[in-house]
Amino acid sequence: MRTLPRSLWYLIHAILAINAQESLTLNTLYSFSGASLSSDPTFSLPQAQQLTVSVAICSTGSTSPVFLVNNNTASTSTTDVFEIPLQSGFGNWTGTAQQGGSLVVQNVGQTSFQVAASTGALVHELIPALPFLGDTTNTQALIFSPPISPIESSPPVYPNYTLPPANLSTPSPPSSPPSFSLVIAPTSSGLASGMQTACSINSTSSSGLVVSNDLWLRNNHGWRSQWLIDDLTPSTNYTAYVIQDQVKLSGPIYFITKSSSFPCPLVHSLPFCPSTSYAVPLPFPQSPASSYDSSNLPQSVSDPLLQYMTNFTTMLLTSPCGRDLYSPLQTCESCQEAYRTWLCSVSFPRCAEPPSSSSPSSPTPALTPLQNGGSNARNPFLPNVTFSYQTVLPCLEVCSAADRSCPTFLGMKCPTPRFNAASSYGVGFIDNWEQGVLGGGSTGAAQDRWGNVWCNLS
């Protein structure tokens, strides 16, 4: 951080003495509008051994404000004055303030901003973890917040080694979860080029209609807030952010809605397949439902899957799980988890469309040829449909994870990448499959923040 010239510090010191307007208390969020503040407003900072001051620009005027911290009001030394650097409207300073301090805002103009002082974590924050896109239809999107409250459970032990039932029971959600909100706007609006602060993004009118919003446990990474959004425009690029507790920003991510003729409905919130959250070739659900979940998914689809899961678990437990180790890295518990993920990914084919535009150097998604209705070759228990559709294949890594995690006597085998794997799985996107090396695939992931999905990893 830059220290300021001595002459400028003397000027600021005079302003501090005359114009101090308000004392900022710890862990309190303050919102200010330049229109109601005097020129170069000054605020007193509390005493703290380790003080953090964070600022966020909510809206801008014709001037660019400068935030200056003096962390020792008893001194006139220029080394005690620091400018808070702003990046995309957000900035913070951390240091000692044993004698208290002051915050002065220069060139405030008509700018609206927030400021907070804390002794712990940042009040304002750009969350590194991104929101997660489940999938889209022509008018709907399924979006998740970054994970919170990771699940911590004790592994089963011999001789009472038990595994979860086929139809998982969802544990109790956290008692006091953060408050989340979702903001979606057409990418053409330029939202991502403006101030990247929670208060700025939150002032934007969000597109779409929230059909449902609840907490969902997709995997052991933790609970997520889940939104089902409707009334979006077909074939439109959107930008999405998640805001936590009104002050922390995650995003942006980008996605495109499917074409107006896209026929597949979304499937989500299945306890036995918790990570399934995408469009599946099923008849459109009966009104008033616009998607499938555990309450309206046909039993003809769920019952065989649950039976497969039950039979597999029974066979797995014939092994002395927890007593005799078949792997130094894997357990019967991790085997069941990997098998469940594989079973769900092949039991629920993921509908998709060819990319609307791509460069010759862009990897092509692992799409199946167009299927003209009728029964589904991958899952004969799915009901017949009268529409044509394409699917994106499961990632080969889903199969190899189950193969790698389970005892050999279960006979879990995957097709060979060199020969026939590409006919039933997406190959080479995450791993390159050369000499058993993990990683190094053409994309390095099954999907990215830009809405591309190359294979199905759920």
# chains A, B, ... in the order shown; residues from 1 in each chain; ligands from 1

call {"tool": "residues_around", "arguments": {"residues": "Leu396 (chain A)", "least_positions_apart": "6", "cutoff": "9 Å", "atoms": "only C-alpha atoms", "output": "number ranges by chain"}}
result
A: 414-415, 417, 421-422, 424-428, 430-431, 455, 457

call {"tool": "residues_around", "arguments": {"residues": "region 134-145 of chain A", "least_positions_apart": "4", "cutoff": "7 Å", "atoms": "only C-alpha atoms", "output": "list in words"}}
result
Arg224, Ser225, Gln226, Trp227, Leu228, Ile229, Asp230, Asp231, Leu232, Thr233, Pro234, Ser235, Val242, Thr257, Lys258, Ser259, Ser260, Phe262, Pro265, Ser277, Tyr278 and Ala279 of chain A

call {"tool": "write_last_selection", "arguments": {"atoms": "C-alpha atoms", "output": "compact mmCIF listing (two decimals), in the first residue's frame"}}
result
# COMPACT_ATOMS: atom_id res chain seq x y z
CA ARG A 224 -26.14 -25.43 -1.06
CA SER A 225 -29.02 -23.08 -1.66
CA GLN A 226 -30.89 -24.39 -4.71
CA TRP A 227 -33.00 -22.24 -7.03
CA LEU A 228 -35.40 -23.39 -9.73
CA ILE A 229 -35.96 -20.40 -12.01
CA ASP A 230 -38.63 -20.13 -14.71
CA ASP A 231 -39.81 -17.52 -17.23
CA LEU A 232 -36.43 -17.07 -18.88
CA THR A 233 -36.11 -16.38 -22.59
CA PRO A 234 -35.12 -19.27 -24.91
CA SER A 235 -31.70 -19.22 -26.61
CA VAL A 242 -25.10 -15.44 -5.72
CA THR A 257 -31.05 -21.34 -22.19
CA LYS A 258 -31.97 -24.05 -24.67
CA SER A 259 -33.88 -23.39 -27.89
CA SER A 260 -37.64 -22.97 -27.80
CA PHE A 262 -36.11 -28.20 -26.38
CA PRO A 265 -37.90 -31.33 -18.30
CA SER A 277 -29.97 -31.91 -11.36
CA TYR A 278 -30.42 -31.70 -15.12
CA ALA A 279 -32.86 -32.25 -17.98

call {"tool": "residues_around", "arguments": {"residues": "Gln246 (chain A)", "least_positions_apart": "3", "cutoff": "12 Å", "atoms": "only C-alpha atoms", "output": "PDB file with N, CA, C and O atoms, in the first residue's frame"}}
result
ATOM      1  N   LEU A  29     -22.386  -3.046   9.634  1.00  0.00           N
ATOM      2  CA  LEU A  29     -22.382  -2.600   8.240  1.00  0.00           C
ATOM      3  C   LEU A  29     -23.004  -1.213   8.140  1.00  0.00           C
ATOM      4  O   LEU A  29     -24.112  -0.985   8.640  1.00  0.00           O
ATOM      5  N   SER A  31     -24.044   1.956   5.451  1.00  0.00           N
ATOM      6  CA  SER A  31     -24.298   2.352   4.066  1.00  0.00           C
ATOM      7  C   SER A  31     -24.406   3.866   3.998  1.00  0.00           C
ATOM      8  O   SER A  31     -25.098   4.482   4.828  1.00  0.00           O
ATOM      9  N   ALA A  56     -17.112  -1.151  -0.123  1.00  0.00           N
ATOM     10  CA  ALA A  56     -17.731  -1.630  -1.358  1.00  0.00           C
ATOM     11  C   ALA A  56     -18.488  -0.488  -1.993  1.00  0.00           C
ATOM     12  O   ALA A  56     -19.303   0.173  -1.338  1.00  0.00           O
ATOM     13  N   CYS A  58     -21.355   0.892  -4.190  1.00  0.00           N
ATOM     14  CA  CYS A  58     -22.682   0.409  -4.593  1.00  0.00           C
ATOM     15  C   CYS A  58     -23.156   1.065  -5.887  1.00  0.00           C
ATOM     16  O   CYS A  58     -23.794   0.419  -6.712  1.00  0.00           O
ATOM     17  N   GLN A 114     -20.624   1.206   0.949  1.00  0.00           N
ATOM     18  CA  GLN A 114     -20.740   0.556   2.245  1.00  0.00           C
ATOM     19  C   GLN A 114     -19.350   0.462   2.861  1.00  0.00           C
ATOM     20  O   GLN A 114     -18.344   0.355   2.152  1.00  0.00           O
ATOM     21  N   VAL A 123     -15.942  -8.443   6.251  1.00  0.00           N
ATOM     22  CA  VAL A 123     -17.404  -8.305   6.134  1.00  0.00           C
ATOM     23  C   VAL A 123     -17.787  -8.355   4.658  1.00  0.00           C
ATOM     24  O   VAL A 123     -18.634  -9.146   4.245  1.00  0.00           O
ATOM     25  N   HIS A 124     -17.164  -7.502   3.855  1.00  0.00           N
ATOM     26  CA  HIS A 124     -17.335  -7.580   2.407  1.00  0.00           C
ATOM     27  C   HIS A 124     -16.325  -8.587   1.857  1.00  0.00           C
ATOM     28  O   HIS A 124     -15.169  -8.586   2.264  1.00  0.00           O
ATOM     29  N   GLU A 125     -16.765  -9.399   0.925  1.00  0.00           N
ATOM     30  CA  GLU A 125     -15.856 -10.427   0.432  1.00  0.00           C
ATOM     31  C   GLU A 125     -16.266 -10.873  -0.960  1.00  0.00           C
ATOM     32  O   GLU A 125     -17.463 -10.932  -1.284  1.00  0.00           O
ATOM     33  N   LEU A 126     -15.268 -11.160  -1.789  1.00  0.00           N
ATOM     34  CA  LEU A 126     -15.494 -11.831  -3.057  1.00  0.00           C
ATOM     35  C   LEU A 126     -15.239 -13.310  -2.809  1.00  0.00           C
ATOM     36  O   LEU A 126     -14.099 -13.732  -2.593  1.00  0.00           O
ATOM     37  N   PRO A 178     -26.475 -19.199   6.171  1.00  0.00           N
ATOM     38  CA  PRO A 178     -26.399 -17.838   5.643  1.00  0.00           C
ATOM     39  C   PRO A 178     -27.627 -17.530   4.788  1.00  0.00           C
ATOM     40  O   PRO A 178     -28.311 -18.429   4.295  1.00  0.00           O
ATOM     41  N   SER A 179     -27.875 -16.256   4.618  1.00  0.00           N
ATOM     42  CA  SER A 179     -28.941 -15.814   3.730  1.00  0.00           C
ATOM     43  C   SER A 179     -28.379 -15.666   2.315  1.00  0.00           C
ATOM     44  O   SER A 179     -27.379 -14.980   2.112  1.00  0.00           O
ATOM     45  N   PHE A 180     -29.013 -16.331   1.348  1.00  0.00           N
ATOM     46  CA  PHE A 180     -28.548 -16.275  -0.029  1.00  0.00           C
ATOM     47  C   PHE A 180     -29.604 -15.617  -0.912  1.00  0.00           C
ATOM     48  O   PHE A 180     -30.812 -15.785  -0.700  1.00  0.00           O
ATOM     49  N   SER A 181     -29.142 -14.898  -1.905  1.00  0.00           N
ATOM     50  CA  SER A 181     -30.023 -14.378  -2.945  1.00  0.00           C
ATOM     51  C   SER A 181     -29.348 -14.587  -4.294  1.00  0.00           C
ATOM     52  O   SER A 181     -28.127 -14.651  -4.385  1.00  0.00           O
ATOM     53  N   LEU A 182     -30.146 -14.721  -5.324  1.00  0.00           N
ATOM     54  CA  LEU A 182     -29.665 -14.990  -6.679  1.00  0.00           C
ATOM     55  C   LEU A 182     -30.026 -13.830  -7.588  1.00  0.00           C
ATOM     56  O   LEU A 182     -31.161 -13.328  -7.551  1.00  0.00           O
ATOM     57  N   VAL A 183     -29.069 -13.401  -8.381  1.00  0.00           N
ATOM     58  CA  VAL A 183     -29.305 -12.344  -9.367  1.00  0.00           C
ATOM     59  C   VAL A 183     -28.940 -12.882 -10.742  1.00  0.00           C
ATOM     60  O   VAL A 183     -27.819 -13.364 -10.947  1.00  0.00           O
ATOM     61  N   THR A 197     -19.480  -5.792  -6.665  1.00  0.00           N
ATOM     62  CA  THR A 197     -19.742  -5.811  -5.232  1.00  0.00           C
ATOM     63  C   THR A 197     -21.166  -6.284  -5.004  1.00  0.00           C
ATOM     64  O   THR A 197     -22.032  -6.139  -5.875  1.00  0.00           O
ATOM     65  N   ALA A 198     -21.402  -6.840  -3.818  1.00  0.00           N
ATOM     66  CA  ALA A 198     -22.727  -7.385  -3.534  1.00  0.00           C
ATOM     67  C   ALA A 198     -23.804  -6.312  -3.595  1.00  0.00           C
ATOM     68  O   ALA A 198     -24.887  -6.523  -4.152  1.00  0.00           O
ATOM     69  N   CYS A 199     -23.518  -5.120  -3.042  1.00  0.00           N
ATOM     70  CA  CYS A 199     -24.550  -4.087  -3.020  1.00  0.00           C
ATOM     71  C   CYS A 199     -24.840  -3.557  -4.417  1.00  0.00           C
ATOM     72  O   CYS A 199     -25.982  -3.192  -4.727  1.00  0.00           O
ATOM     73  N   SER A 200     -23.829  -3.512  -5.289  1.00  0.00           N
ATOM     74  CA  SER A 200     -24.058  -3.058  -6.662  1.00  0.00           C
ATOM     75  C   SER A 200     -24.865  -4.087  -7.446  1.00  0.00           C
ATOM     76  O   SER A 200     -25.853  -3.750  -8.113  1.00  0.00           O
ATOM     77  N   ILE A 201     -24.474  -5.365  -7.365  1.00  0.00           N
ATOM     78  CA  ILE A 201     -25.178  -6.419  -8.094  1.00  0.00           C
ATOM     79  C   ILE A 201     -26.599  -6.569  -7.567  1.00  0.00           C
ATOM     80  O   ILE A 201     -27.548  -6.788  -8.320  1.00  0.00           O
ATOM     81  N   ASN A 202     -26.759  -6.411  -6.254  1.00  0.00           N
ATOM     82  CA  ASN A 202     -28.072  -6.618  -5.639  1.00  0.00           C
ATOM     83  C   ASN A 202     -29.080  -5.551  -6.046  1.00  0.00           C
ATOM     84  O   ASN A 202     -30.298  -5.745  -5.894  1.00  0.00           O
ATOM     85  N   SER A 203     -28.597  -4.431  -6.546  1.00  0.00           N
ATOM     86  CA  SER A 203     -29.517  -3.370  -6.985  1.00  0.00           C
ATOM     87  C   SER A 203     -30.077  -3.651  -8.375  1.00  0.00           C
ATOM     88  O   SER A 203     -30.933  -2.903  -8.860  1.00  0.00           O
ATOM     89  N   TYR A 241     -25.156 -14.359 -10.448  1.00  0.00           N
ATOM     90  CA  TYR A 241     -24.387 -14.159  -9.217  1.00  0.00           C
ATOM     91  C   TYR A 241     -25.195 -14.694  -8.044  1.00  0.00           C
ATOM     92  O   TYR A 241     -26.430 -14.687  -8.067  1.00  0.00           O
ATOM     93  N   VAL A 242     -24.477 -15.106  -7.000  1.00  0.00           N
ATOM     94  CA  VAL A 242     -25.097 -15.436  -5.717  1.00  0.00           C
ATOM     95  C   VAL A 242     -24.540 -14.481  -4.676  1.00  0.00           C
ATOM     96  O   VAL A 242     -23.324 -14.268  -4.604  1.00  0.00           O
ATOM     97  N   ILE A 243     -25.423 -13.905  -3.874  1.00  0.00           N
ATOM     98  CA  ILE A 243     -25.031 -12.964  -2.824  1.00  0.00           C
ATOM     99  C   ILE A 243     -25.314 -13.607  -1.471  1.00  0.00           C
ATOM    100  O   ILE A 243     -26.421 -14.102  -1.231  1.00  0.00           O
ATOM    101  N   LEU A 249     -20.061 -11.713  -2.346  1.00  0.00           N
ATOM    102  CA  LEU A 249     -20.456 -11.947  -3.736  1.00  0.00           C
ATOM    103  C   LEU A 249     -19.741 -13.166  -4.303  1.00  0.00           C
ATOM    104  O   LEU A 249     -18.524 -13.317  -4.150  1.00  0.00           O
ATOM    105  N   SER A 250     -20.494 -14.023  -4.962  1.00  0.00           N
ATOM    106  CA  SER A 250     -19.952 -15.183  -5.661  1.00  0.00           C
ATOM    107  C   SER A 250     -20.372 -15.115  -7.119  1.00  0.00           C
ATOM    108  O   SER A 250     -21.548 -14.940  -7.424  1.00  0.00           O
TER     109      SER A 250
END

call {"tool": "closest_residue", "arguments": {"among": "A:Tyr326, A:Leu122, A:Pro173, A:Ile57", "to": "Met195 (chain A)", "atoms": "only C-alpha atoms"}}
result
A:Ile57

call {"tool": "select_by_dssp", "arguments": {"residues": "region 138-295 of chain A", "states": "helix (DSSP H, G or I)", "output": "list in words"}}
result
Thr187, Ser188, Ser189, Leu191, Ala192, Ser193, Ala198, Cys199, Ser200, Ile201 and Asn202 of chain A

call {"tool": "write_last_selection", "arguments": {"atoms": "all heavy atoms", "output": "compact mmCIF listing (two decimals), in the first residue's frame"}}
result
# COMPACT_ATOMS: atom_id res chain seq x y z
N THR A 187 -26.69 -11.47 -20.34
CA THR A 187 -25.28 -11.11 -20.46
C THR A 187 -25.11 -9.82 -21.25
O THR A 187 -24.18 -9.04 -21.01
CB THR A 187 -24.50 -12.26 -21.11
OG1 THR A 187 -24.67 -13.44 -20.30
CG2 THR A 187 -23.02 -11.95 -21.22
N SER A 188 -26.03 -9.56 -22.17
CA SER A 188 -25.96 -8.34 -22.97
C SER A 188 -26.12 -7.07 -22.14
O SER A 188 -25.80 -5.98 -22.60
CB SER A 188 -27.04 -8.37 -24.06
OG SER A 188 -28.34 -8.48 -23.49
N SER A 189 -26.61 -7.20 -20.89
CA SER A 189 -26.78 -6.03 -20.04
C SER A 189 -25.45 -5.48 -19.53
O SER A 189 -25.40 -4.38 -18.98
CB SER A 189 -27.67 -6.38 -18.84
OG SER A 189 -27.01 -7.29 -17.97
N LEU A 191 -23.66 -6.66 -17.01
CA LEU A 191 -23.57 -6.68 -15.55
C LEU A 191 -22.17 -7.03 -15.07
O LEU A 191 -21.68 -6.48 -14.08
CB LEU A 191 -24.60 -7.67 -14.99
CG LEU A 191 -24.77 -7.71 -13.47
CD1 LEU A 191 -25.26 -6.36 -12.96
CD2 LEU A 191 -25.77 -8.80 -13.08
N ALA A 192 -21.50 -7.93 -15.76
CA ALA A 192 -20.18 -8.38 -15.33
C ALA A 192 -19.10 -7.33 -15.56
O ALA A 192 -17.98 -7.46 -15.04
CB ALA A 192 -19.80 -9.67 -16.05
N SER A 193 -19.38 -6.29 -16.31
CA SER A 193 -18.39 -5.24 -16.57
C SER A 193 -18.52 -4.08 -15.60
O SER A 193 -17.72 -3.14 -15.65
CB SER A 193 -18.53 -4.73 -18.01
OG SER A 193 -19.82 -4.15 -18.22
N ALA A 198 -21.40 -6.84 -3.82
CA ALA A 198 -22.73 -7.39 -3.53
C ALA A 198 -23.80 -6.31 -3.59
O ALA A 198 -24.89 -6.52 -4.15
CB ALA A 198 -22.72 -8.07 -2.17
N CYS A 199 -23.52 -5.12 -3.04
CA CYS A 199 -24.55 -4.09 -3.02
C CYS A 199 -24.84 -3.56 -4.42
O CYS A 199 -25.98 -3.19 -4.73
CB CYS A 199 -24.17 -2.96 -2.07
SG CYS A 199 -22.60 -2.12 -2.46
N SER A 200 -23.83 -3.51 -5.29
CA SER A 200 -24.06 -3.06 -6.66
C SER A 200 -24.86 -4.09 -7.45
O SER A 200 -25.85 -3.75 -8.11
CB SER A 200 -22.73 -2.79 -7.36
OG SER A 200 -22.92 -2.44 -8.71
N ILE A 201 -24.47 -5.37 -7.36
CA ILE A 201 -25.18 -6.42 -8.09
C ILE A 201 -26.60 -6.57 -7.57
O ILE A 201 -27.55 -6.79 -8.32
CB ILE A 201 -24.42 -7.75 -7.99
CG1 ILE A 201 -23.02 -7.62 -8.60
CG2 ILE A 201 -25.18 -8.88 -8.65
CD1 ILE A 201 -23.00 -7.29 -10.07
N ASN A 202 -26.76 -6.41 -6.25
CA ASN A 202 -28.07 -6.62 -5.64
C ASN A 202 -29.08 -5.55 -6.05
O ASN A 202 -30.30 -5.74 -5.89
CB ASN A 202 -27.94 -6.65 -4.12
CG ASN A 202 -28.99 -7.50 -3.46
OD1 ASN A 202 -29.57 -8.40 -4.07
ND2 ASN A 202 -29.27 -7.23 -2.20

call {"tool": "closest_residue", "arguments": {"among": "A:Ser64, A:Asn379, A:Ser287, A:Thr313", "to": "Ser300 (chain A)", "atoms": "only C-alpha atoms"}}
result
A:Asn379

call {"tool": "closest_residue", "arguments": {"among": "A:Lys248, A:Arg218, A:Arg449, A:Arg323", "to": "Pro274 (chain A)", "atoms": "only C-alpha atoms"}}
result
A:Arg218

call {"tool": "select_by_dssp", "arguments": {"residues": "region 82-297 of chain A", "states": "strand (DSSP E)", "output": "MDAnalysis selection string"}}
result
chainID A and resid 82:83 90:97 101:106 112:118 125:126 132:136 141:144 180:186 209:216 224:230 237:244 248:256 266:267 278:279

call {"tool": "atom_distance", "arguments": {"atom1": "CA of Asn160 (chain A)", "atom2": "CA of Pro407 (chain A)"}}
result
19.2 Å

call {"tool": "closest_residue", "arguments": {"among": "A:Tyr238, A:Asp40, A:Gln390, A:Pro349", "to": "Thr368 (chain A)", "atoms": "only C-alpha atoms"}}
result
A:Gln390

call {"tool": "atom_distance", "arguments": {"atom1": "CA of Glu333 (chain A)", "atom2": "CA of Ser275 (chain A)"}}
result
17.1 Å

call {"tool": "closest_residue", "arguments": {"among": "A:Ser36, A:Ser269, A:Ser319, A:Ser175", "to": "Asn213 (chain A)", "atoms": "only C-alpha atoms"}}
result
A:Ser269

call {"tool": "residues_around", "arguments": {"residues": "Gln49 (chain A)", "least_positions_apart": "2", "cutoff": "10 Å", "atoms": "only C-alpha atoms", "output": "PDB file with N, CA and C atoms, in the first residue's frame"}}
result
ATOM      1  N   GLN A  47     -10.634   1.037  18.261  1.00  0.00           N
ATOM      2  CA  GLN A  47      -9.344   0.479  18.634  1.00  0.00           C
ATOM      3  C   GLN A  47      -9.373  -1.041  18.431  1.00  0.00           C
ATOM      4  N   LEU A  51      -7.163  -4.791  13.012  1.00  0.00           N
ATOM      5  CA  LEU A  51      -8.385  -4.197  12.476  1.00  0.00           C
ATOM      6  C   LEU A  51      -8.432  -4.387  10.970  1.00  0.00           C
ATOM      7  N   GLY A  95      -4.601  -4.002   9.492  1.00  0.00           N
ATOM      8  CA  GLY A  95      -3.427  -3.568  10.225  1.00  0.00           C
ATOM      9  C   GLY A  95      -3.768  -3.321  11.682  1.00  0.00           C
ATOM     10  N   THR A  96      -2.808  -2.835  12.445  1.00  0.00           N
ATOM     11  CA  THR A  96      -3.042  -2.530  13.857  1.00  0.00           C
ATOM     12  C   THR A  96      -3.643  -1.138  14.002  1.00  0.00           C
ATOM     13  N   ALA A  97      -4.478  -0.986  15.015  1.00  0.00           N
ATOM     14  CA  ALA A  97      -5.075   0.318  15.330  1.00  0.00           C
ATOM     15  C   ALA A  97      -5.272   0.396  16.835  1.00  0.00           C
ATOM     16  N   GLN A  98      -4.163   0.297  17.569  1.00  0.00           N
ATOM     17  CA  GLN A  98      -4.253   0.235  19.023  1.00  0.00           C
ATOM     18  C   GLN A  98      -4.761   1.533  19.635  1.00  0.00           C
ATOM     19  N   GLN A  99      -4.579   2.637  18.920  1.00  0.00           N
ATOM     20  CA  GLN A  99      -5.078   3.927  19.397  1.00  0.00           C
ATOM     21  C   GLN A  99      -6.328   4.367  18.642  1.00  0.00           C
ATOM     22  N   GLY A 100      -6.939   3.438  17.938  1.00  0.00           N
ATOM     23  CA  GLY A 100      -8.052   3.808  17.079  1.00  0.00           C
ATOM     24  C   GLY A 100      -7.541   4.363  15.764  1.00  0.00           C
ATOM     25  N   THR A 119     -12.714  -7.324  13.365  1.00  0.00           N
ATOM     26  CA  THR A 119     -11.471  -7.884  13.898  1.00  0.00           C
ATOM     27  C   THR A 119     -11.273  -9.319  13.430  1.00  0.00           C
TER      28      THR A 119
END

call {"tool": "atom_distance", "arguments": {"atom1": "CA of Phe82 (chain A)", "atom2": "CA of Val69 (chain A)"}}
result
5.1 Å

call {"tool": "closest_residue", "arguments": {"among": "A:Val392, A:Cys335, A:Met412, A:Met315", "to": "Val280 (chain A)", "atoms": "only C-alpha atoms"}}
result
A:Val392

call {"tool": "residues_around", "arguments": {"residues": "Asn27 (chain A)", "least_positions_apart": "3", "cutoff": "12 Å", "atoms": "only C-alpha atoms", "output": "list in words"}}
result
Leu24, Tyr30, Leu45, Pro46, Ala48, Leu51, Thr52, Val53, Ser54, Val115, Ala116, Ala117, Ser118, Thr119, Gly120, Ala121, Leu122, Val123 and His124 of chain A

call {"tool": "residues_around", "arguments": {"residues": "Thr60 (chain A)", "least_positions_apart": "4", "cutoff": "7 Å", "atoms": "only C-alpha atoms", "output": "PDB file with N, CA, C and O atoms, in the first residue's frame"}}
result
ATOM      1  N   GLN A 110     -21.330  11.805  -5.783  1.00  0.00           N
ATOM      2  CA  GLN A 110     -22.646  11.184  -5.608  1.00  0.00           C
ATOM      3  C   GLN A 110     -22.543   9.675  -5.361  1.00  0.00           C
ATOM      4  O   GLN A 110     -23.543   8.956  -5.435  1.00  0.00           O
ATOM      5  N   THR A 111     -21.346   9.199  -5.071  1.00  0.00           N
ATOM      6  CA  THR A 111     -21.135   7.760  -4.909  1.00  0.00           C
ATOM      7  C   THR A 111     -21.847   7.227  -3.672  1.00  0.00           C
ATOM      8  O   THR A 111     -21.806   7.844  -2.602  1.00  0.00           O
ATOM      9  N   SER A 112     -22.490   6.062  -3.823  1.00  0.00           N
ATOM     10  CA  SER A 112     -23.039   5.325  -2.685  1.00  0.00           C
ATOM     11  C   SER A 112     -22.071   4.196  -2.357  1.00  0.00           C
ATOM     12  O   SER A 112     -21.544   3.539  -3.256  1.00  0.00           O
TER      13      SER A 112
END
